[in-house]
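Shown next: data.cif, given as mmCIF, C-alpha atoms.
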```
data_structure
loop_
_atom_site.label_atom_id
_atom_site.label_comp_id
_atom_site.auth_asym_id
_atom_site.auth_seq_id
_atom_site.Cartn_x
_atom_site.Cartn_y
_atom_site.Cartn_z
CA MET A 1 7.31 -6.90 22.53
CA ASN A 2 9.63 -4.10 21.41
CA VAL A 3 8.81 -3.12 17.78
CA LEU A 4 10.64 -0.87 15.31
CA VAL A 5 8.77 0.32 12.19
CA ILE A 6 10.77 1.67 9.26
CA GLY A 7 9.16 4.39 7.12
CA SER A 8 7.50 7.78 7.28
CA GLY A 9 4.18 7.65 5.43
CA ALA A 10 0.50 7.19 6.20
CA ARG A 11 0.95 3.42 5.84
CA GLU A 12 3.54 3.46 8.62
CA HIS A 13 1.32 5.71 10.74
CA ALA A 14 -1.53 3.19 10.30
CA LEU A 15 0.80 0.35 11.27
CA CYS A 16 2.08 2.23 14.30
CA ARG A 17 -1.43 3.18 15.38
CA SER A 18 -2.54 -0.46 15.25
CA LEU A 19 0.61 -1.67 17.00
CA SER A 20 0.16 0.95 19.73
CA LEU A 21 -3.25 -0.58 20.49
CA ASP A 22 -1.77 -4.10 20.84
CA PRO A 23 -1.34 -4.94 24.56
CA ALA A 24 1.60 -7.22 23.69
CA VAL A 25 3.58 -4.27 22.25
CA THR A 26 5.44 -2.77 25.19
CA ALA A 27 7.70 -0.36 23.27
CA LEU A 28 7.14 1.18 19.84
CA HIS A 29 9.73 2.97 17.72
CA CYS A 30 9.64 4.40 14.20
CA ALA A 31 12.44 5.60 11.94
CA PRO A 32 12.39 8.18 10.54
CA GLY A 33 8.63 8.69 11.11
CA ASN A 34 6.63 11.90 10.77
CA ALA A 35 4.76 14.46 12.87
CA GLY A 36 1.75 12.20 13.40
CA ILE A 37 3.67 9.02 14.14
CA ALA A 38 5.51 10.92 16.89
CA GLU A 39 2.26 10.87 18.90
CA VAL A 40 2.27 7.05 19.20
CA ALA A 41 5.93 6.01 18.74
CA GLU A 42 9.40 7.24 19.62
CA LEU A 43 11.09 8.57 16.49
CA HIS A 44 14.69 7.97 15.45
CA PRO A 45 16.69 9.39 12.54
CA VAL A 46 17.89 6.76 10.07
CA ASP A 47 18.52 6.36 6.37
CA ALA A 48 15.75 3.86 5.59
CA LEU A 49 17.70 2.59 2.55
CA ASP A 50 20.81 1.76 4.61
CA GLY A 51 20.40 -1.81 5.80
CA ALA A 52 23.42 -1.70 8.10
CA ALA A 53 22.14 1.49 9.77
CA VAL A 54 18.65 0.04 10.23
CA ALA A 55 20.05 -3.19 11.69
CA ALA A 56 22.31 -1.22 14.03
CA LEU A 57 19.39 0.89 15.23
CA ALA A 58 17.27 -2.20 15.81
CA ASP A 59 20.07 -3.78 17.82
CA GLU A 60 20.62 -0.60 19.83
CA LEU A 61 16.91 -0.39 20.69
CA GLY A 62 16.66 -4.06 21.57
CA ALA A 63 13.92 -4.51 18.96
CA GLU A 64 12.24 -7.91 18.96
CA LEU A 65 10.50 -7.23 15.64
CA VAL A 66 11.34 -4.87 12.77
CA VAL A 67 8.61 -3.95 10.27
CA VAL A 68 9.95 -2.53 7.00
CA GLY A 69 7.14 -0.45 5.52
CA PRO A 70 8.10 1.08 2.14
CA GLU A 71 9.03 -0.71 -1.06
CA ALA A 72 12.35 1.04 -1.75
CA PRO A 73 14.08 -0.26 1.44
CA LEU A 74 12.70 -3.74 0.80
CA VAL A 75 14.03 -3.83 -2.76
CA ALA A 76 17.33 -2.44 -1.45
CA GLY A 77 17.64 -5.48 0.86
CA VAL A 78 17.13 -3.76 4.22
CA ALA A 79 15.20 -6.77 5.55
CA ASP A 80 18.18 -9.00 4.67
CA ALA A 81 20.50 -6.88 6.80
CA VAL A 82 18.14 -7.05 9.77
CA ARG A 83 17.73 -10.82 9.41
CA ALA A 84 21.50 -11.22 9.22
CA ALA A 85 21.70 -9.45 12.59
CA GLY A 86 19.45 -12.15 14.06
CA ILE A 87 16.40 -9.91 14.54
CA PRO A 88 12.95 -11.06 13.34
CA VAL A 89 11.78 -8.85 10.48
CA PHE A 90 8.46 -8.46 8.71
CA GLY A 91 9.29 -7.87 5.06
CA PRO A 92 10.67 -9.91 2.17
CA SER A 93 14.29 -10.24 1.13
CA GLY A 94 15.65 -7.98 -1.58
CA GLU A 95 15.44 -10.85 -4.07
CA ALA A 96 11.84 -11.72 -3.21
CA ALA A 97 10.88 -8.02 -3.23
CA GLN A 98 11.69 -7.99 -6.95
CA LEU A 99 8.09 -9.13 -7.24
CA GLU A 100 7.40 -5.41 -6.90
CA GLY A 101 10.79 -4.07 -7.94
CA SER A 102 10.54 -5.52 -11.46
CA LYS A 103 7.26 -6.01 -13.28
CA ALA A 104 9.06 -8.25 -15.77
CA PHE A 105 10.21 -10.49 -12.89
CA ALA A 106 6.64 -10.60 -11.55
CA LYS A 107 5.34 -11.64 -14.97
CA ASP A 108 7.92 -14.44 -15.11
CA VAL A 109 6.89 -15.70 -11.65
CA MET A 110 3.21 -15.59 -12.59
CA ALA A 111 3.82 -17.49 -15.81
CA ALA A 112 5.72 -20.22 -13.93
CA ALA A 113 3.05 -20.41 -11.21
CA GLY A 114 0.09 -20.40 -13.60
CA VAL A 115 -1.30 -17.19 -12.10
CA PRO A 116 -3.85 -15.42 -14.33
CA THR A 117 -2.65 -12.00 -15.50
CA ALA A 118 -2.73 -9.71 -18.53
CA ARG A 119 -0.87 -10.72 -21.68
CA SER A 120 2.21 -8.54 -21.98
CA TYR A 121 5.47 -7.68 -23.72
CA VAL A 122 8.69 -6.50 -22.09
CA CYS A 123 10.20 -3.71 -24.22
CA THR A 124 13.57 -1.96 -24.12
CA THR A 125 13.50 -0.05 -27.42
CA ALA A 126 11.10 2.39 -29.09
CA GLU A 127 10.60 -0.11 -31.91
CA GLU A 128 9.62 -2.91 -29.53
CA ALA A 129 7.25 -0.59 -27.70
CA ALA A 130 5.58 0.54 -30.92
CA GLU A 131 5.06 -3.07 -31.98
CA ALA A 132 3.55 -4.03 -28.63
CA LEU A 133 1.22 -1.02 -28.59
CA ASP A 134 0.08 -1.89 -32.08
CA ALA A 135 -0.48 -5.52 -31.12
CA PHE A 136 -2.79 -4.70 -28.20
CA GLY A 137 -4.45 -1.51 -29.44
CA ALA A 138 -6.17 1.11 -27.26
CA PRO A 139 -6.56 1.63 -24.37
CA TYR A 140 -2.79 1.37 -23.99
CA VAL A 141 -1.25 0.18 -20.70
CA VAL A 142 2.43 1.09 -20.26
CA LYS A 143 4.25 0.29 -17.01
CA ASP A 144 7.72 1.33 -15.93
CA ASP A 145 9.48 -1.94 -15.08
CA GLY A 146 10.99 -0.52 -11.88
CA LEU A 147 9.74 1.27 -8.78
CA ALA A 148 7.91 4.51 -9.47
CA ALA A 149 6.06 5.29 -6.21
CA GLY A 150 2.71 4.22 -7.68
CA LYS A 151 2.99 6.66 -10.58
CA GLY A 152 4.85 4.58 -13.18
CA VAL A 153 1.74 3.40 -15.01
CA VAL A 154 0.06 5.18 -17.91
CA VAL A 155 -3.33 4.06 -19.21
CA THR A 156 -4.33 6.11 -22.25
CA SER A 157 -6.07 5.99 -25.61
CA ASP A 158 -3.42 8.37 -27.01
CA VAL A 159 -0.76 6.26 -28.70
CA GLU A 160 1.72 9.14 -28.72
CA ALA A 161 1.35 9.58 -24.94
CA ALA A 162 1.90 5.84 -24.53
CA LYS A 163 5.04 5.97 -26.67
CA ALA A 164 6.32 9.01 -24.75
CA HIS A 165 5.97 7.21 -21.42
CA ALA A 166 7.72 4.14 -22.81
CA ALA A 167 10.55 6.31 -24.12
CA ALA A 168 11.02 7.88 -20.68
CA CYS A 169 11.65 4.47 -19.06
CA GLU A 170 14.66 2.17 -19.47
CA ARG A 171 12.41 -0.88 -19.69
CA VAL A 172 8.65 -1.12 -19.83
CA VAL A 173 5.97 -3.77 -19.64
CA ILE A 174 3.18 -3.15 -22.16
CA GLU A 175 0.00 -5.06 -21.40
CA GLU A 176 -3.44 -5.72 -22.72
CA TYR A 177 -6.08 -3.56 -21.02
CA LEU A 178 -8.07 -5.35 -18.31
CA ASP A 179 -11.74 -4.43 -17.94
CA GLY A 180 -13.80 -4.61 -14.75
CA PRO A 181 -13.48 -3.24 -11.22
CA GLU A 182 -10.18 -3.35 -9.36
CA VAL A 183 -9.60 -4.92 -5.96
CA SER A 184 -6.63 -4.85 -3.59
CA LEU A 185 -6.11 -7.97 -1.50
CA PHE A 186 -3.30 -8.22 1.06
CA ALA A 187 -1.95 -11.45 2.49
CA VAL A 188 0.45 -12.00 5.36
CA THR A 189 2.82 -14.89 4.68
CA ASP A 190 5.84 -16.58 6.27
CA GLY A 191 6.86 -18.11 2.95
CA VAL A 192 4.71 -21.22 3.39
CA THR A 193 1.40 -20.32 5.03
CA VAL A 194 -0.62 -17.55 3.37
CA LEU A 195 -3.15 -15.62 5.44
CA PRO A 196 -5.37 -13.28 3.37
CA LEU A 197 -6.73 -10.08 4.88
CA GLN A 198 -9.98 -8.34 3.89
CA PRO A 199 -10.23 -6.83 0.40
CA ALA A 200 -10.29 -3.09 -0.28
CA GLN A 201 -10.64 -0.82 -3.27
CA ASP A 202 -8.51 2.26 -3.85
CA PHE A 203 -8.81 5.25 -6.16
CA LYS A 204 -5.73 5.96 -8.26
CA ARG A 205 -6.80 8.96 -10.33
CA ALA A 206 -6.36 12.45 -8.92
CA LEU A 207 -9.83 13.80 -9.67
CA ASP A 208 -13.47 12.87 -9.11
CA GLY A 209 -14.94 10.41 -11.56
CA ASP A 210 -11.56 8.73 -12.02
CA ALA A 211 -10.32 11.64 -14.10
CA GLY A 212 -6.89 13.25 -14.08
CA PRO A 213 -3.41 11.76 -13.76
CA ASN A 214 -2.45 8.58 -11.93
CA THR A 215 -1.39 9.01 -8.30
CA GLY A 216 -0.19 6.88 -5.43
CA GLY A 217 -3.84 6.68 -4.28
CA MET A 218 -6.43 9.28 -3.26
CA GLY A 219 -8.61 7.15 -1.00
CA ALA A 220 -9.92 3.67 -0.27
CA TYR A 221 -12.72 1.72 1.37
CA SER A 222 -13.48 -1.70 2.84
CA PRO A 223 -15.46 -3.97 2.77
CA LEU A 224 -16.62 -4.32 -0.84
CA PRO A 225 -20.39 -4.90 -0.74
CA TRP A 226 -20.45 -5.75 -4.47
CA ALA A 227 -17.76 -8.45 -4.32
CA GLU A 228 -18.65 -12.14 -4.43
CA PRO A 229 -18.34 -13.89 -1.03
CA GLU A 230 -15.89 -16.45 -2.45
CA LEU A 231 -13.52 -13.79 -3.85
CA VAL A 232 -10.91 -14.04 -1.10
CA GLU A 233 -10.74 -17.83 -1.18
CA GLU A 234 -10.50 -17.85 -4.98
CA VAL A 235 -7.65 -15.33 -4.98
CA LEU A 236 -5.88 -17.31 -2.25
CA GLN A 237 -6.06 -20.52 -4.29
CA THR A 238 -5.33 -19.12 -7.77
CA VAL A 239 -3.01 -16.18 -7.06
CA LEU A 240 -1.51 -15.82 -3.60
CA GLN A 241 -0.60 -19.39 -2.61
CA PRO A 242 0.77 -20.33 -6.08
CA THR A 243 2.96 -17.21 -6.11
CA VAL A 244 4.37 -17.90 -2.64
CA ASP A 245 4.95 -21.54 -3.56
CA GLU A 246 6.77 -20.58 -6.78
CA LEU A 247 9.09 -18.13 -4.99
CA ARG A 248 9.92 -20.77 -2.39
CA ARG A 249 10.60 -23.28 -5.18
CA ARG A 250 13.07 -20.79 -6.70
CA GLY A 251 14.97 -20.53 -3.44
CA THR A 252 13.76 -16.98 -2.76
CA PRO A 253 10.97 -17.48 -0.20
CA PHE A 254 8.66 -14.50 0.26
CA SER A 255 8.00 -13.60 3.90
CA GLY A 256 6.03 -10.47 4.73
CA LEU A 257 3.09 -8.77 3.06
CA LEU A 258 2.09 -9.87 -0.43
CA TYR A 259 -0.26 -7.37 -2.07
CA ALA A 260 -2.23 -8.43 -5.15
CA GLY A 261 -3.76 -5.70 -7.28
CA LEU A 262 -6.55 -7.43 -9.17
CA ALA A 263 -9.02 -6.78 -11.97
CA ILE A 264 -12.32 -8.64 -11.84
CA THR A 265 -12.69 -8.98 -15.62
CA SER A 266 -15.35 -10.52 -17.82
CA ARG A 267 -12.95 -13.48 -18.19
CA GLY A 268 -12.32 -13.86 -14.46
CA ILE A 269 -9.75 -12.59 -11.94
CA ARG A 270 -6.51 -11.22 -13.39
CA VAL A 271 -3.47 -9.85 -11.54
CA ILE A 272 -2.65 -6.25 -12.46
CA GLU A 273 0.41 -6.02 -10.23
CA PHE A 274 2.08 -7.32 -7.09
CA ASN A 275 3.48 -5.20 -4.30
CA ALA A 276 5.83 -6.48 -1.62
CA ARG A 277 4.41 -4.43 1.26
CA PHE A 278 1.24 -2.96 2.71
CA GLY A 279 -0.42 -0.67 0.14
CA ASP A 280 -1.22 2.96 0.78
CA PRO A 281 -4.09 4.01 1.17
CA GLU A 282 -5.68 0.54 1.46
CA THR A 283 -3.76 -0.26 4.65
CA GLN A 284 -5.58 2.52 6.43
CA VAL A 285 -9.01 0.95 5.91
CA VAL A 286 -7.97 -2.70 6.25
CA LEU A 287 -6.25 -2.16 9.60
CA ALA A 288 -9.17 -0.03 10.80
CA ARG A 289 -11.32 -3.19 10.56
CA LEU A 290 -8.81 -5.71 11.98
CA LYS A 291 -9.72 -6.75 15.54
CA THR A 292 -6.91 -9.29 16.03
CA PRO A 293 -3.88 -7.55 17.64
CA LEU A 294 -1.46 -6.73 14.83
CA GLY A 295 1.86 -7.36 16.59
CA GLY A 296 1.32 -11.08 17.00
CA VAL A 297 0.30 -11.48 13.35
CA LEU A 298 3.43 -9.75 12.05
CA LYS A 299 5.69 -11.59 14.51
CA ALA A 300 4.23 -14.96 13.46
CA ALA A 301 5.02 -14.17 9.82
CA ALA A 302 8.53 -13.07 10.73
CA THR A 303 9.23 -16.23 12.71
CA GLY A 304 7.59 -18.81 10.43
CA THR A 305 4.74 -19.67 12.79
CA LEU A 306 1.68 -18.39 10.92
CA VAL A 307 0.24 -21.90 10.79
CA ASP A 308 -0.24 -21.75 14.58
CA LEU A 309 -2.12 -18.42 14.52
CA GLU A 310 -5.80 -18.28 15.45
CA PRO A 311 -8.14 -17.17 12.61
CA LEU A 312 -8.16 -13.40 12.20
CA ARG A 313 -11.07 -11.47 13.71
CA TRP A 314 -12.66 -8.59 11.80
CA SER A 315 -15.06 -5.80 12.64
CA ASP A 316 -18.35 -5.72 10.70
CA ASP A 317 -17.91 -1.94 10.43
CA ALA A 318 -17.02 -0.25 7.17
CA ALA A 319 -13.98 2.01 6.80
CA VAL A 320 -13.25 4.87 4.39
CA THR A 321 -10.07 6.89 4.00
CA VAL A 322 -9.77 10.16 2.08
CA VAL A 323 -6.35 11.51 1.11
CA VAL A 324 -5.71 15.22 1.48
CA ALA A 325 -2.97 16.14 -0.99
CA SER A 326 -0.90 19.25 -1.43
CA HIS A 327 -1.17 21.84 -4.16
CA ASN A 328 -0.11 20.52 -7.60
CA TYR A 329 0.00 16.82 -6.59
CA PRO A 330 0.87 14.47 -8.35
CA GLY A 331 3.20 17.02 -9.93
CA THR A 332 5.92 18.67 -7.85
CA PRO A 333 4.05 19.46 -4.63
CA ARG A 334 4.16 22.71 -2.75
CA THR A 335 5.44 22.08 0.79
CA GLY A 336 5.88 24.05 4.00
CA ASP A 337 2.24 25.14 4.31
CA PRO A 338 0.81 25.04 7.86
CA ILE A 339 -1.90 22.48 8.63
CA THR A 340 -4.62 23.34 11.15
CA GLY A 341 -7.84 21.69 12.29
CA LEU A 342 -6.22 18.46 13.45
CA ASP A 343 -7.00 19.19 17.11
CA GLU A 344 -10.65 19.78 16.19
CA ILE A 345 -10.87 16.32 14.62
CA ALA A 346 -9.29 14.73 17.70
CA ALA A 347 -11.76 16.55 19.95
CA GLN A 348 -14.95 16.20 17.90
CA ASP A 349 -14.67 13.15 15.64
CA ALA A 350 -12.64 10.56 17.58
CA PRO A 351 -12.76 7.63 17.91
CA HIS A 352 -14.77 7.08 14.73
CA ALA A 353 -12.58 9.38 12.61
CA TYR A 354 -8.89 10.12 12.89
CA VAL A 355 -5.99 11.48 10.86
CA LEU A 356 -2.99 9.50 9.66
CA HIS A 357 -0.01 11.59 8.60
CA ALA A 358 1.94 11.04 5.39
CA GLY A 359 3.87 14.08 4.12
CA THR A 360 4.11 16.16 7.30
CA ARG A 361 6.80 17.52 9.59
CA ARG A 362 7.08 19.70 12.68
CA ASP A 363 8.12 23.33 12.23
CA GLY A 364 8.41 24.69 15.73
CA GLY A 365 5.00 24.18 17.27
CA ALA A 366 3.23 23.84 13.92
CA VAL A 367 2.60 20.85 11.66
CA VAL A 368 3.39 21.70 8.01
CA SER A 369 3.10 19.88 4.70
CA ALA A 370 6.20 18.01 3.54
CA GLY A 371 5.08 15.94 0.56
CA GLY A 372 2.45 15.28 -2.08
CA ARG A 373 0.00 13.16 -0.14
CA VAL A 374 -0.16 14.96 3.20
CA LEU A 375 -2.87 13.28 5.31
CA SER A 376 -5.17 10.25 5.22
CA VAL A 377 -8.43 10.96 7.01
CA THR A 378 -9.88 7.60 8.07
CA ALA A 379 -13.30 6.87 9.52
CA THR A 380 -15.38 3.85 10.45
CA GLY A 381 -19.15 3.39 10.57
CA GLU A 382 -21.92 0.83 10.60
CA ASP A 383 -21.94 1.02 6.79
CA LEU A 384 -20.08 2.81 4.02
CA THR A 385 -22.50 5.75 4.05
CA GLN A 386 -21.86 6.48 7.72
CA ALA A 387 -18.10 5.95 7.32
CA ARG A 388 -18.05 8.34 4.33
CA ASP A 389 -20.04 10.97 6.18
CA ARG A 390 -17.67 10.82 9.13
CA ALA A 391 -14.56 10.91 6.94
CA TYR A 392 -15.70 13.92 4.93
CA ALA A 393 -16.89 15.77 8.04
CA ALA A 394 -13.36 15.41 9.40
CA VAL A 395 -11.80 16.44 6.08
CA GLY A 396 -13.91 19.59 6.24
CA ARG A 397 -12.15 20.65 9.45
CA ILE A 398 -8.68 20.55 7.89
CA ARG A 399 -7.18 23.80 6.69
CA LEU A 400 -4.22 23.49 4.31
CA ASP A 401 -3.79 26.21 1.72
CA GLY A 402 -4.19 24.90 -1.84
CA SER A 403 -4.94 21.34 -0.72
CA GLN A 404 -7.03 18.96 -2.79
CA HIS A 405 -9.03 15.81 -2.22
CA ARG A 406 -11.55 13.68 -4.07
CA THR A 407 -15.19 13.99 -3.01
CA ASP A 408 -16.37 10.65 -4.41
CA ILE A 409 -14.40 8.06 -2.44
CA ALA A 410 -16.68 5.00 -1.92
CA ALA A 411 -19.69 6.96 -3.21
CA LYS A 412 -20.79 4.38 -5.79
CA ALA A 413 -20.32 1.45 -3.41
CA ALA A 414 -22.25 3.25 -0.66
CA ALA A 415 -25.09 3.89 -3.12
CA GLY A 416 -25.15 0.24 -4.14
CA ALA A 417 -23.89 0.98 -7.64
#
```

I need this file expressed as structure tokens, please.
Amino acid sequence: MNVLVIGSGAREHALCRSLSLDPAVTALHCAPGNAGIAEVAELHPVDALDGAAVAALADELGAELVVVGPEAPLVAGVADAVRAAGIPVFGPSGEAAQLEGSKAFAKDVMAAAGVPTARSYVCTTAEEAAEALDAFGAPYVVKDDGLAAGKGVVVTSDVEAAKAHAAACERVVIEEYLDGPEVSLFAVTDGVTVLPLQPAQDFKRALDGDAGPNTGGMGAYSPLPWAEPELVEEVLQTVLQPTVDELRRRGTPFSGLLYAGLAITSRGIRVIEFNARFGDPETQVVLARLKTPLGGVLKAAATGTLVDLEPLRWSDDAAVTVVVASHNYPGTPRTGDPITGLDEIAAQDAPHAYVLHAGTRRDGGAVVSAGGRVLSVTATGEDLTQARDRAYAAVGRIRLDGSQHRTDIAAKAAAGA
């Protein structure tokens, strides 16, 4: 199978790495890719937001499956253009991707499907926002209605900060605060059949102890030793399947990866948000544990044949990923700094630990930083303690001036807390 992956982040590197290990994948391409992806796939320049250009590239390469990784191309309708060219594509239509592209749309779908979520108000004026904030009280949860690269949410006890964030957005969703631990659960779907993957937990705040500003994610781990065994089945029955059924009923079937961000509250499971694609950094740990070859799973979703797929097989190992970010992230990052130590990890830590590239590029013979989140160091082990130890040992070999990372990824779960 000839596969083309669209995107250039750590999520796409994780996808390409898994696809490169699938014996059924005979050719692997990525556009535009990054310095790390170039080691496992042939890179091609393309504007990932240009559906016609992506479809033309897929046709030129003879791709038998296109995987659209990031949310912005999905919301822009890139998957529609590829489907119109007659090429199987893993990723929802532009209309269905509004599940991530508009939080107000997602709330409307959840209400119609009876999916449990936070009570909320959609606000377009300062007066509406002030009323909603007053109605819920602190802590205040203010979400930009549109795409914001994982950084459009403010959770604060400072009402003025909440109002300022609302004022900076055209439209916001203001919600009640949800207590309890958060869980990310992915599901592969062809619009009818829904196949849940293994749950993961990510760490959104920039600093240890969940302090600092919100980010796109600073690390993740899987499995969740504290989660109830029936969690996945409950989320499938109360969240994932009803959402897919409702979108199909509306005439906008959702085919691709449905990501549910969940809070396990004192009142039960509640949806925090939906994403329309693999999440970063959770993808890194979920795919590290998937034993079923990935290509066949994605192709079955793209061709409407998930019902015929054998049950997924999973490793009993644990996986931990630690994000190495550039100086000043999540503010404007410093870029162009050389990255060294990657060869040492490949020589001394593989196969149990490896590096997935996010914001990197080649500068002559060197790999340099090119974004906020630069690398995802991923490791597996017999348990979370061993996986953490291996991940942080590998992180310790990386040299990137001014870089930052959290030191407490999966620490509480590993300690049984």

Find the residues with any atom within 6 Å of (6.3, -17.5, -9.0); use all atoms listed in the file and the coordinates as given in the file, and write the answer as a PDB file with C-alpha atoms, keeping the file's coordinate frame.
```
ATOM      1  CA  VAL A 109       6.890 -15.700 -11.650  1.00  0.00           C
ATOM      2  CA  MET A 110       3.210 -15.590 -12.590  1.00  0.00           C
ATOM      3  CA  ALA A 112       5.720 -20.220 -13.930  1.00  0.00           C
ATOM      4  CA  ALA A 113       3.050 -20.410 -11.210  1.00  0.00           C
ATOM      5  CA  THR A 243       2.960 -17.210  -6.110  1.00  0.00           C
ATOM      6  CA  GLU A 246       6.770 -20.580  -6.780  1.00  0.00           C
ATOM      7  CA  LEU A 247       9.090 -18.130  -4.990  1.00  0.00           C
TER       8      LEU A 247
END
```

- Message: So, with all atoms listed in the file as the atoms that count, which of A:Ala10, A:Ala415, A:Met1, A:Leu195 lies closest to Leu61 in chain A?
- Response: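 For Leu61 in chain A, the nearest of the candidates is A:Met1.
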
- Item | Test item: the PyMOL selection byres ((chain A and resi 33) around 9) resolved as a PyMOL selection string | chain A and resi 5-9+12-13+29-32+34-38+41-45

Centre and size of axis-aligned box enclosing range 1-11 of chain A plus 3 Å each side, as JSON:
```
{"center_x": 5.6, "center_y": 0.4, "center_z": 14.0, "size_x": 16.3, "size_y": 20.7, "size_z": 23.1}
```

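Residues of protein, DNA and RNA with at least one atom no farther than 7 Å from (-12.2, 10.3, 6.2) are, using only C-alpha atoms, A:Val320, A:Thr321, A:Val322, A:Ala353, A:Val377, A:Thr378, A:Ala379, A:Arg388, A:Arg390, A:Ala391, A:Tyr392, A:Ala394, A:Val395.
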
- Please write as JSON, numbers by chain the full residue list that the PyMOL selection byres ((chain A and resi 334-347) around 12) yields on this file. {"A": [35, 36, 324, 325, 326, 327, 328, 329, 330, 331, 332, 333, 348, 349, 350, 351, 352, 353, 354, 355, 356, 357, 359, 360, 361, 362, 363, 364, 365, 366, 367, 368, 369, 370, 371, 372, 373, 374, 375, 376, 377, 378, 379, 390, 391, 392, 393, 394, 395, 396, 397, 398, 399, 400, 401, 402, 403, 404]}

- Message: Starting from the PyMOL selection byres ((chain A and resi 85-88) around 8), expand the selection into actual residues of this file and give them as a PyMOL selection string.
- Response: chain A and resi 55+58-59+63-66+81-84+89-90+299+302-303

- Selection: 10 Å around Asp134 in chain A, only C-alpha atoms, excl. self and same-chain fewer than 6 positions, as JSON, numbers by chain: {"A": [128, 140, 159]}

- Taking into account all atoms listed in the file, which residue in the set A:Tyr121, A:Ala96, A:Gly216, A:Leu147 is nearest to Arg249 in chain A?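 Closest residue, counting all atoms listed in the file: A:Ala96.
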
- Task: Determine the nearest neighbour of Gln284 in chain A from the options A:Tyr221, A:Trp314, A:Trp226, A:Phe254, counting all atoms listed in the file.
- Result: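 Among A:Tyr221, A:Trp314, A:Trp226, A:Phe254, it is A:Tyr221 that comes nearest to Gln284 in chain A.
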
- Task: Could you tell me which of A:Gly146, A:Gly261, A:Pro23, A:Gly256 comes closest to Cys169 in chain A if we count all atoms listed in the file?
- Result: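 When distances to Cys169 in chain A are compared using all atoms listed in the file, the smallest one comes from A:Gly146.
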
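The gap separating CA of Glu282 in chain A from CA of Asp317 in chain A is 15.4 Å, in Å to one decimal.
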
- Message: Just to confirm, what's the straight-line distance from CA of Leu384 in chain A to CA of Phe203 in chain A in Å (one decimal)?
- Response: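 We find that CA of Leu384 in chain A and CA of Phe203 in chain A lie 15.4 Å from each other.
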
- Query: When you draw a straight line from CA of Pro92 in chain A to CA of Thr124 in chain A, how long is it in Å?
  - Reply: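 Computing the Euclidean distance for CA of Pro92 in chain A and CA of Thr124 in chain A yields 27.6 Å.
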
- Message: Just checking: using all atoms listed in the file, which residue out of A:Ile269, A:Val75, A:Val323, A:Ala56 ends up closest to Leu207 in chain A?
- Response: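 Among the listed residues, the smallest separation from Leu207 in chain A belongs to A:Val323.
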
Write out as a compact mmCIF listing (two decimals) with C-alpha atoms, in the coordinates of the input which residues come within 8 Å of Arg171 in chain A when counting only C-alpha atoms, dropping same-chain ones fewer than 6 positions away.
```txt
# COMPACT_ATOMS: atom_id res chain seq x y z
CA VAL A 122 8.69 -6.50 -22.09
CA CYS A 123 10.20 -3.71 -24.22
CA THR A 124 13.57 -1.96 -24.12
CA THR A 125 13.50 -0.05 -27.42
CA ASP A 144 7.72 1.33 -15.93
CA ASP A 145 9.48 -1.94 -15.08
CA GLY A 146 10.99 -0.52 -11.88
```

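In terms of minimum interatomic distance to Ala24 in chain A, A:Leu294 ranks closest within A:Leu294, A:Leu312, A:Val307, A:Val188, counting only C-alpha atoms.
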
- Message: Applying 10 Å and all atoms listed in the file, which residues near Ala162 in chain A remain after dropping the ones on its own chain fewer than 3 positions away? List them as a VMD selection string.
- Response: chain A and resid 129 to 130 133 138 to 143 153 to 159 165 to 167 174
